[in-house]
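A.B. asks: Dropping in structure02.csv, with CSV, C-alpha atoms.
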chain,number,residue,atom,x,y,z
A,1,ALA,CA,-22.9,-6.0,-11.7
A,2,ASP,CA,-23.9,-2.8,-9.9
A,3,PHE,CA,-22.5,-0.7,-12.8
A,4,HIS,CA,-23.1,-3.2,-15.7
A,5,LEU,CA,-19.5,-2.9,-16.8
A,6,ASP,CA,-18.3,-4.8,-19.8
A,7,LYS,CA,-14.8,-6.3,-20.3
A,8,GLY,CA,-13.6,-3.1,-21.9
A,9,ALA,CA,-14.6,-1.0,-18.9
A,10,LEU,CA,-12.9,-3.4,-16.5
A,11,GLY,CA,-9.8,-3.1,-18.6
A,12,LEU,CA,-10.0,0.6,-18.4
A,13,LEU,CA,-10.2,0.4,-14.6
A,14,GLY,CA,-7.1,-1.7,-14.6
A,15,SER,CA,-5.3,0.7,-16.9
A,16,ALA,CA,-6.3,3.7,-14.7
A,17,PHE,CA,-4.6,2.0,-11.8
A,18,PHE,CA,-1.4,0.8,-13.5
A,19,TYR,CA,-0.7,4.0,-15.5
A,20,SER,CA,-1.0,6.2,-12.4
A,21,TYR,CA,1.1,3.6,-10.5
A,22,ALA,CA,3.8,3.7,-13.1
A,23,LEU,CA,3.7,7.5,-13.4
A,24,PHE,CA,4.0,8.2,-9.7
A,25,GLN,CA,6.8,5.7,-8.8
A,26,MET,CA,9.6,8.2,-9.3
A,27,PRO,CA,8.0,11.1,-7.4
A,28,TRP,CA,7.3,8.8,-4.4
A,29,GLY,CA,10.9,7.4,-4.6
A,30,ILE,CA,12.3,11.0,-4.4
A,31,ALA,CA,9.9,11.7,-1.5
A,32,SER,CA,11.0,8.5,0.3
A,33,ASP,CA,14.7,9.3,-0.2
A,34,ARG,CA,14.1,12.8,1.1
A,35,PHE,CA,11.7,12.2,4.0
A,36,GLY,CA,12.3,8.5,4.8
A,37,SER,CA,10.5,5.4,3.9
A,38,ARG,CA,8.6,5.2,7.2
A,39,GLY,CA,6.4,8.3,6.6
A,40,VAL,CA,5.9,7.7,2.9
A,41,THR,CA,4.9,4.1,3.5
A,42,ALA,CA,2.4,5.0,6.2
A,43,LEU,CA,1.0,7.8,4.1
A,44,GLY,CA,0.7,5.5,1.0
A,45,ILE,CA,-1.1,2.9,3.0
A,46,LEU,CA,-3.4,5.5,4.5
A,47,LEU,CA,-4.1,6.9,1.0
A,48,SER,CA,-4.8,3.4,-0.3
A,49,ALA,CA,-7.4,3.0,2.5
A,50,GLY,CA,-9.0,6.2,1.5
A,51,ALA,CA,-9.0,5.2,-2.2
A,52,MET,CA,-10.6,1.9,-1.3
A,53,ALA,CA,-13.3,3.7,0.7
A,54,GLY,CA,-13.9,6.1,-2.1
A,55,PHE,CA,-14.1,3.3,-4.7
A,56,ALA,CA,-16.7,1.7,-2.5
A,57,THR,CA,-18.8,4.8,-2.5
A,58,SER,CA,-18.7,5.4,-6.2
A,59,GLN,CA,-21.9,6.0,-8.0
A,60,SER,CA,-20.6,6.2,-11.6
A,61,GLN,CA,-18.1,4.7,-13.9
A,62,THR,CA,-16.2,8.0,-13.9
A,63,ALA,CA,-15.9,8.0,-10.1
A,64,LEU,CA,-14.6,4.4,-10.3
A,65,LEU,CA,-11.9,5.4,-12.7
A,66,VAL,CA,-10.9,8.4,-10.5
A,67,TRP,CA,-10.6,6.2,-7.4
A,68,ARG,CA,-8.7,3.5,-9.3
A,69,ALA,CA,-6.2,6.1,-10.5
A,70,LEU,CA,-5.8,7.4,-6.9
A,71,ALA,CA,-5.3,3.9,-5.7
A,72,GLY,CA,-2.5,3.5,-8.2
A,73,ILE,CA,-0.8,6.7,-7.0
A,74,ALA,CA,-1.1,5.5,-3.4
A,75,GLY,CA,0.1,2.0,-4.3
A,76,ALA,CA,3.2,3.4,-5.9
A,77,ALA,CA,4.0,5.2,-2.7
A,78,VAL,CA,3.9,2.0,-0.7
A,79,TYR,CA,5.9,-0.2,-3.0
A,80,VAL,CA,8.6,2.3,-3.8
A,81,ALA,CA,9.1,3.4,-0.2
A,82,LEU,CA,9.2,-0.2,1.1
A,83,THR,CA,11.7,-1.4,-1.5
A,84,GLY,CA,14.0,1.6,-0.8
A,85,GLY,CA,13.7,1.0,2.9
A,86,MET,CA,14.5,-2.7,2.5
A,87,ALA,CA,17.6,-1.8,0.5
A,88,ARG,CA,18.9,0.2,3.4
A,89,TRP,CA,18.3,-2.6,5.9
A,90,PHE,CA,20.1,-5.4,4.0
A,91,PRO,CA,23.8,-5.5,3.0
A,92,ARG,CA,24.5,-5.3,-0.7
A,93,GLU,CA,25.1,-9.1,-1.1
A,94,GLU,CA,21.7,-9.9,0.5
A,95,ARG,CA,19.5,-7.3,-1.3
A,96,GLY,CA,18.5,-9.6,-4.2
A,97,PHE,CA,17.2,-12.2,-1.8
A,98,SER,CA,15.4,-9.7,0.4
A,99,GLN,CA,13.8,-8.0,-2.6
A,100,SER,CA,12.7,-11.3,-4.2
A,101,MET,CA,11.2,-12.5,-0.9
A,102,PHE,CA,9.3,-9.1,-0.6
A,103,GLY,CA,8.2,-8.9,-4.2
A,104,GLY,CA,7.7,-12.5,-5.0
A,105,VAL,CA,6.7,-14.4,-1.9
A,106,GLY,CA,5.2,-11.4,0.0
A,107,GLY,CA,3.4,-10.1,-3.1
A,108,ALA,CA,1.9,-13.5,-3.9
A,109,LEU,CA,0.8,-14.1,-0.3
A,110,GLY,CA,-0.7,-10.6,0.0
A,111,GLU,CA,-2.6,-10.8,-3.3
A,112,GLY,CA,-3.7,-14.4,-2.5
A,113,ALA,CA,-5.0,-13.2,0.9
A,114,ALA,CA,-6.8,-10.2,-0.7
A,115,PHE,CA,-8.5,-12.4,-3.4
A,116,PHE,CA,-9.6,-14.7,-0.7
A,117,LEU,CA,-10.5,-12.2,2.0
A,118,LEU,CA,-12.6,-9.7,0.1
A,119,PRO,CA,-15.1,-12.3,-1.2
A,120,VAL,CA,-15.4,-14.0,2.2
A,121,ILE,CA,-15.9,-10.7,4.0
A,122,SER,CA,-18.3,-9.4,1.4
A,123,ILE,CA,-20.5,-12.6,1.4
A,124,TYR,CA,-20.4,-13.7,5.0
A,125,LEU,CA,-19.7,-10.6,7.1
A,126,ALA,CA,-20.6,-7.5,5.2
A,127,SER,CA,-23.6,-8.3,2.9
A,128,GLY,CA,-22.0,-6.8,-0.2
A,129,TRP,CA,-18.9,-5.6,-1.9
A,130,ARG,CA,-19.2,-2.0,-0.9
A,131,ARG,CA,-19.3,-2.7,2.9
A,132,GLY,CA,-16.7,-5.4,2.5
A,133,THR,CA,-14.3,-3.0,0.8
A,134,ASN,CA,-14.9,-0.5,3.6
A,135,ILE,CA,-14.1,-3.1,6.2
A,136,LEU,CA,-10.8,-3.8,4.4
A,137,ALA,CA,-10.1,0.0,4.2
A,138,VAL,CA,-10.4,0.3,7.9
A,139,GLY,CA,-8.0,-2.6,8.3
A,140,LEU,CA,-5.6,-0.8,5.9
A,141,ALA,CA,-5.9,2.4,7.9
A,142,ALA,CA,-4.9,0.5,11.0
A,143,MET,CA,-1.9,-0.9,9.2
A,144,ALA,CA,-0.9,2.7,8.3
A,145,VAL,CA,-0.9,3.6,11.9
A,146,MET,CA,1.1,0.5,12.8
A,147,CYS,CA,3.7,1.4,10.1
A,148,TRP,CA,4.0,4.9,11.4
A,149,THR,CA,4.4,3.6,14.9
A,150,PHE,CA,6.8,0.7,14.4
A,151,LEU,CA,8.5,1.0,11.0
A,152,ARG,CA,12.0,2.5,10.8
A,153,SER,CA,13.4,4.1,7.7
A,154,ASP,CA,16.8,2.6,8.2
A,155,PRO,CA,18.6,0.4,10.8
A,156,ASP,CA,20.5,3.3,12.4
A,157,PRO,CA,19.0,3.3,16.0
A,158,LYS,CA,20.2,6.9,16.5
A,159,ARG,CA,17.5,8.1,14.0
A,160,HIS,CA,14.7,6.3,15.8
A,161,VAL,CA,13.0,8.2,18.6
A,162,LEU,CA,12.1,5.0,20.6
A,163,ALA,CA,15.7,3.9,20.6
A,164,HIS,CA,16.6,6.8,22.7
A,165,VAL,CA,13.7,6.3,25.1
A,166,PHE,CA,14.2,2.5,25.6
A,167,LYS,CA,18.0,2.4,24.8
A,168,VAL,CA,17.4,-0.2,22.1
A,169,VAL,CA,20.6,-1.2,20.3
Turn this file's structure into structure tokens for me.

C.D. replies:
Amino acid sequence: ADFHLDKGALGLLGSAFFYSYALFQMPWGIASDRFGSRGVTALGILLSAGAMAGFATSQSQTALLVWRALAGIAGAAVYVALTGGMARWFPREERGFSQSMFGGVGGALGEGAAFFLLPVISIYLASGWRRGTNILAVGLAAMAVMCWTFLRSDPDPKRHVLAHVFKVV
């Protein structure tokens, strides 16, 4: 309502996200294979938080489009790095099940929570969609820090710094 967007403009916002998401999956996959899924996932989540905050501060339809495209780029980093990381954690015969649980069940629960949380936060806690979106962006930034701290790119404990410190097997 702030921007008086019609259905065509809303479709354009969706397209800006999904085209950039599709275009950047391969570069993020290469980065994840080269540098590890841990760093790429944490960076993608942090970039998603930044894109959310930028979207919330937009003052024009053009700015909304730019931030949605950046959110697609960041979202591709998260999804591609996580699926690649999961493939390294599960044996070949269990990969289909692990990926379906991640993509199907995890995706549905995550999207369901987002569609529930943002309106609740916006109405009852933040007094508007912009502030509510910024609150969620701060939560995402915290998740990025948690991923950087606790996520491992593969199950090999020799590659994980904390394994050497705590002798975790």

A.B. asks: From the options A:Gly8, A:Gly128, A:Gly84, A:Gly14, which residue's atoms come nearest to A:Val40, counting all atoms listed in the file?

C.D. replies: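 Closest candidate: A:Gly84.
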
A.B. asks: Give me the residues of stretch 88-163 of chain A that have any atom at most 10 Å from an atom of stretch 52-65 of chain A; for each, the nearest atom pair and the distance in Å, rounded to one decimal. Use only C-alpha atoms, sort by chain and number, and format it as a Markdown table.

C.D. replies:
| residue | atom | partner | partner_atom | distance |
| --- | --- | --- | --- | --- |
| A:Trp129 | CA | A:Ala56 | CA | 7.6 |
| A:Arg130 | CA | A:Ala56 | CA | 4.7 |
| A:Arg131 | CA | A:Ala56 | CA | 7.4 |
| A:Gly132 | CA | A:Ala56 | CA | 8.7 |
| A:Thr133 | CA | A:Ala56 | CA | 6.2 |
| A:Asn134 | CA | A:Ala53 | CA | 5.3 |
| A:Ile135 | CA | A:Ala53 | CA | 8.8 |
| A:Leu136 | CA | A:Met52 | CA | 8.1 |
| A:Ala137 | CA | A:Met52 | CA | 5.8 |
| A:Val138 | CA | A:Ala53 | CA | 8.5 |
| A:Leu140 | CA | A:Met52 | CA | 9.2 |

A.B. asks: Mind giving me the straight-line distance from atom CA of A:Ala141 to atom CA of A:Gly112 in Å, one decimal?

C.D. replies: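 Separating atom CA of A:Ala141 from atom CA of A:Gly112 is a distance of 19.9 Å.
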
A.B. asks: Name the closest residue to A:Thr149 among the candidates A:Gly72, A:Gly96, A:Gly39, A:Gly106; distances are taken between atoms, counting all atoms listed in the file.

C.D. replies: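 Once distances to A:Thr149 are computed over all atoms listed in the file, the minimum belongs to A:Gly39.
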
A.B. asks: Mind checking which residues fall within 9 Å of A:Val78, counting only C-alpha atoms, ignoring those fewer than 6 positions away in the same chain, and posting them as number ranges by chain?

C.D. replies: A: 28, 37, 40-45, 48

A.B. asks: Between atom CA of A:Ser122 and atom CA of A:Ala69, what is the distance in Å, rounded to a tenth?

C.D. replies: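 Taking atom CA of A:Ser122 as the start and atom CA of A:Ala69 as the end point, the length is 23.0 Å.
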
A.B. asks: Between atom CA of A:Leu151 and atom CA of A:Ala77, measure the distance and give it in Å to one decimal.

C.D. replies: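 Computed distance, atom CA of A:Leu151 to atom CA of A:Ala77, equals 15.0 Å.
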
A.B. asks: Counting only C-alpha atoms, which residues sit no farther than 12 Å from the position (7.3, -3.0, -2.1) in the file's frame? I'd like them as a VMD selection string.

C.D. replies: chain A and resid 25 29 37 40 to 41 44 to 45 75 to 87 98 to 108 110

A.B. asks: Rank A:Ser127, A:Arg68, A:Glu93, A:Ala142 by their smallest atom-to-atom distance to A:Leu12, using all atoms listed in the file, and report the top residue only.

C.D. replies: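 For A:Leu12, the nearest of the given residues is A:Arg68.
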
A.B. asks: With all atoms listed in the file as the atoms that count, which of A:Phe116, A:Ile73, A:Ala51, A:Pro91 lies nearest to A:Met26?

C.D. replies: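 Of the candidates, the smallest distance to A:Met26 is held by A:Ile73.
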
A.B. asks: Return the padded bounding box of stretch 111-120 of chain A as lines of an AutoDock Vina configuration file: axis-aligned, built from all atoms listed in the file, 6 Å added on each side, with centre and edge lengths in Å to one decimal.

C.D. replies:
center_x = -9.0
center_y = -12.2
center_z = -0.6
size_x = 24.8
size_y = 17.0
size_z = 17.6

A.B. asks: Between A:Phe17, A:Asp154, A:Met143, A:Asp2, which one has atoms that come closest to A:Phe90, using only C-alpha atoms?

C.D. replies: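 Closest to A:Phe90, using only C-alpha atoms: A:Asp154.
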
A.B. asks: May I ask you to restore N, CA, C and O atoms in stretch 132-157 of chain A and write the result as a compact mmCIF listing (two decimals), in the frame of the given file?

C.D. replies:
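File produced: rebuild-v3.txt:
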# COMPACT_ATOMS: atom_id res chain seq x y z
N GLY A 132 -17.88 -4.62 2.38
CA GLY A 132 -16.70 -5.40 2.50
C GLY A 132 -15.42 -4.65 2.21
O GLY A 132 -14.40 -4.76 2.89
N THR A 133 -15.48 -3.84 1.16
CA THR A 133 -14.30 -3.00 0.80
C THR A 133 -14.06 -1.97 1.89
O THR A 133 -12.90 -1.70 2.22
N ASN A 134 -15.10 -1.42 2.48
CA ASN A 134 -14.90 -0.50 3.60
C ASN A 134 -14.30 -1.12 4.80
O ASN A 134 -13.49 -0.51 5.51
N ILE A 135 -14.67 -2.35 5.08
CA ILE A 135 -14.10 -3.10 6.20
C ILE A 135 -12.57 -3.25 5.97
O ILE A 135 -11.74 -3.03 6.87
N LEU A 136 -12.19 -3.63 4.75
CA LEU A 136 -10.80 -3.80 4.40
C LEU A 136 -10.05 -2.42 4.48
O LEU A 136 -8.88 -2.34 4.89
N ALA A 137 -10.73 -1.35 4.09
CA ALA A 137 -10.10 0.00 4.20
C ALA A 137 -9.82 0.37 5.61
O ALA A 137 -8.77 0.96 5.88
N VAL A 138 -10.70 0.03 6.53
CA VAL A 138 -10.40 0.30 7.90
C VAL A 138 -9.22 -0.50 8.42
O VAL A 138 -8.36 0.02 9.13
N GLY A 139 -9.13 -1.76 7.98
CA GLY A 139 -8.00 -2.60 8.30
C GLY A 139 -6.68 -1.97 7.76
O GLY A 139 -5.63 -1.96 8.42
N LEU A 140 -6.73 -1.45 6.54
CA LEU A 140 -5.60 -0.80 5.90
C LEU A 140 -5.18 0.46 6.72
O LEU A 140 -3.99 0.72 6.93
N ALA A 141 -6.15 1.23 7.13
CA ALA A 141 -5.90 2.40 7.90
C ALA A 141 -5.15 2.05 9.22
O ALA A 141 -4.21 2.73 9.64
N ALA A 142 -5.58 0.97 9.83
CA ALA A 142 -4.90 0.50 11.00
C ALA A 142 -3.47 0.08 10.74
O ALA A 142 -2.55 0.34 11.53
N MET A 143 -3.24 -0.53 9.58
CA MET A 143 -1.90 -0.90 9.20
C MET A 143 -1.02 0.36 8.97
O MET A 143 0.17 0.35 9.28
N ALA A 144 -1.61 1.41 8.45
CA ALA A 144 -0.90 2.70 8.30
C ALA A 144 -0.40 3.21 9.61
O ALA A 144 0.75 3.63 9.75
N VAL A 145 -1.27 3.15 10.60
CA VAL A 145 -0.90 3.60 11.90
C VAL A 145 0.21 2.72 12.52
O VAL A 145 1.17 3.22 13.12
N MET A 146 0.10 1.42 12.31
CA MET A 146 1.10 0.50 12.80
C MET A 146 2.48 0.79 12.11
O MET A 146 3.53 0.76 12.76
N CYS A 147 2.46 1.04 10.80
CA CYS A 147 3.70 1.40 10.10
C CYS A 147 4.30 2.66 10.62
O CYS A 147 5.51 2.74 10.83
N TRP A 148 3.48 3.66 10.83
CA TRP A 148 4.00 4.90 11.40
C TRP A 148 4.59 4.73 12.74
O TRP A 148 5.60 5.32 13.09
N THR A 149 3.98 3.85 13.53
CA THR A 149 4.40 3.60 14.90
C THR A 149 5.68 2.78 14.98
O THR A 149 6.61 3.10 15.73
N PHE A 150 5.75 1.69 14.21
CA PHE A 150 6.80 0.70 14.40
C PHE A 150 7.86 0.63 13.32
O PHE A 150 8.96 0.12 13.56
N LEU A 151 7.58 1.08 12.13
CA LEU A 151 8.50 1.00 11.00
C LEU A 151 9.64 1.99 11.18
O LEU A 151 9.40 3.11 11.62
N ARG A 152 10.84 1.60 10.83
CA ARG A 152 12.00 2.50 10.80
C ARG A 152 12.47 2.64 9.39
O ARG A 152 12.51 1.68 8.65
N SER A 153 12.90 3.83 9.01
CA SER A 153 13.40 4.10 7.70
C SER A 153 14.71 3.39 7.38
O SER A 153 15.00 3.00 6.27
N ASP A 154 15.54 3.28 8.39
CA ASP A 154 16.80 2.60 8.20
C ASP A 154 17.25 1.99 9.56
O ASP A 154 16.66 2.28 10.60
N PRO A 155 18.24 1.13 9.54
CA PRO A 155 18.60 0.40 10.80
C PRO A 155 19.40 1.22 11.78
O PRO A 155 19.74 0.70 12.84
N ASP A 156 19.70 2.47 11.50
CA ASP A 156 20.50 3.30 12.40
C ASP A 156 19.61 3.66 13.63
O ASP A 156 18.69 4.46 13.53
N PRO A 157 19.89 3.07 14.81
CA PRO A 157 19.00 3.30 16.00
C PRO A 157 19.08 4.78 16.45
O PRO A 157 18.17 5.22 17.14
